[in-house]
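Undergrad: I have a structure here, written as structure tokens, and I will follow up with some questions on it.
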Amino acid sequence: MKAFRSSPGRRPAALRSTLTAVGVALAASALGSALFTVALDDTVGSGLVTFAIFGGLAALSAGVLAWELASLRVCPRCGYDVRERPRFACSEGHQVAFEPGMCDCGRRLLALRPVPVARHAMRAAWLALGFFLLVLVVALLASGMGS
């Protein structure tokens, strides 16, 4: 008997994307903690505590988000990729259907485009990087003015 059975569908892809997201989050947290430790001339112990706290939170958040995004793509009963299945809706958004046709309001059901998840994730990452740099500049200016 196998200790770890792979469930049907794209669970291996979900596992790979989760491990990749956790690894990237830990690497980014390690780099950020090291930069903060050096920039603030702090001790290595303090930097490790910062990494443990923020790296753990970042890895947990990234892992849960990656697992949920990968799991939402697969229909648990049928095993097909939900994102690839065409969906249709009327221009007023009254109903979503899996076949083209007419809405109850008389409008034609139009094909829906998939949500650009990668574009939204990159936009959020750039926003976070910008905010991080802004806080870093403010901290450096505040420490320079205090001396």
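We name chains A, B, ... following the order of the structure tokens; residues begin at 1 in each chain, and ligands are numbered from 1 as shown.
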For Val117 in chain A, work out the shell of residues within 10 Å, counting only C-alpha atoms and skipping chain neighbours fewer than 5 positions away, then give it as a list in words.

TA: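 Near neighbours after the sequence-gap exclusion: Leu69, Met122 and Arg123 of chain A.
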
Undergrad: Find the residues near Leu60 in chain A: any atom within 10 Å, counting only C-alpha atoms, skip ones fewer than 6 places away on the same chain, and give them as a PyMOL selection string.

TA: chain A and resi 18+21-22+25-26+54+66

Undergrad: Find the distance between CA of Gln95 in chain A and CA of Arg113 in chain A and write it in Å to one decimal.

TA: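 Interatomic distance, CA of Gln95 in chain A to CA of Arg113 in chain A: 15.0 Å.
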
Undergrad: From the set A:Val135, A:Leu31, A:Ala14, A:Val24, which residue has the shortest atom-to-atom contact distance to Trp67 in chain A, counting only C-alpha atoms?

TA: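 Between A:Val135, A:Leu31, A:Ala14, A:Val24, the residue approaching Trp67 in chain A most closely is A:Ala14.
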
Undergrad: So the first atom is CA of Val49 in chain A and the second is CA of Ser33 in chain A; what is the distance between them in Å, to one decimal place?

TA: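 One can read the CA of Val49 in chain A to CA of Ser33 in chain A distance as 9.0 Å.
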
Undergrad: Compile the contact shell of Arg108 in chain A as a ChimeraX atom specification: residues with an atom at most 12 Å away, counting only C-alpha atoms, same-chain residues fewer than 2 positions apart removed.

TA: /A:88-97,99-106,110-111

Undergrad: Can I get the selected residues back with C-alpha atoms, as a compact mmCIF listing (two decimals), in the first residue's frame?

TA:
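Now in selection.txt:
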# COMPACT_ATOMS: atom_id res chain seq x y z
CA PHE A 88 -21.36 31.72 -21.64
CA ALA A 89 -23.30 34.62 -20.10
CA CYS A 90 -25.60 37.37 -21.33
CA SER A 91 -24.36 40.95 -21.42
CA GLU A 92 -26.43 41.74 -18.30
CA GLY A 93 -24.90 38.88 -16.33
CA HIS A 94 -28.20 37.13 -15.61
CA GLN A 95 -26.96 33.58 -15.92
CA VAL A 96 -23.85 31.58 -16.68
CA ALA A 97 -24.26 28.54 -18.90
CA GLU A 99 -23.65 25.90 -23.73
CA PRO A 100 -24.30 28.82 -26.10
CA GLY A 101 -27.89 29.92 -26.57
CA MET A 102 -30.30 32.57 -25.37
CA CYS A 103 -30.79 34.03 -21.90
CA ASP A 104 -34.25 34.22 -20.33
CA CYS A 105 -34.14 37.99 -20.93
CA GLY A 106 -33.83 37.42 -24.71
CA LEU A 110 -21.68 35.39 -25.11
CA ALA A 111 -18.48 33.43 -24.47

Undergrad: Quick one, how far is CA of Leu35 in chain A from CA of Thr50 in chain A?

TA: 11.1 Å

Undergrad: Which of these, A:Ala34, A:Leu129, A:Ala39, A:Leu136, has the shortest distance to Gly55 in chain A once you count only C-alpha atoms?

TA: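 That would be A:Ala34, the residue with the smallest distance to Gly55 in chain A.
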
Undergrad: Taking only C-alpha atoms into account, which of A:Leu65, A:Ala58, A:Leu19, A:Leu134 comes nearest Ala121 in chain A?

TA: A:Leu65

Undergrad: Run DSSP on the backbone and tell me which residues of range 3-147 of chain A come out as strand (DSSP E or B); list them as a PyMOL selection string.

TA: chain A and resi 74+81+88-89+96-97+102+108+110-111

Undergrad: Using only C-alpha atoms, which of the listed residues (A:Ala62, A:Val38, A:Val44, A:Val138) sits closest to Ala125 in chain A?

TA: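 Ranked by minimum distance to Ala125 in chain A, first place goes to A:Ala62.
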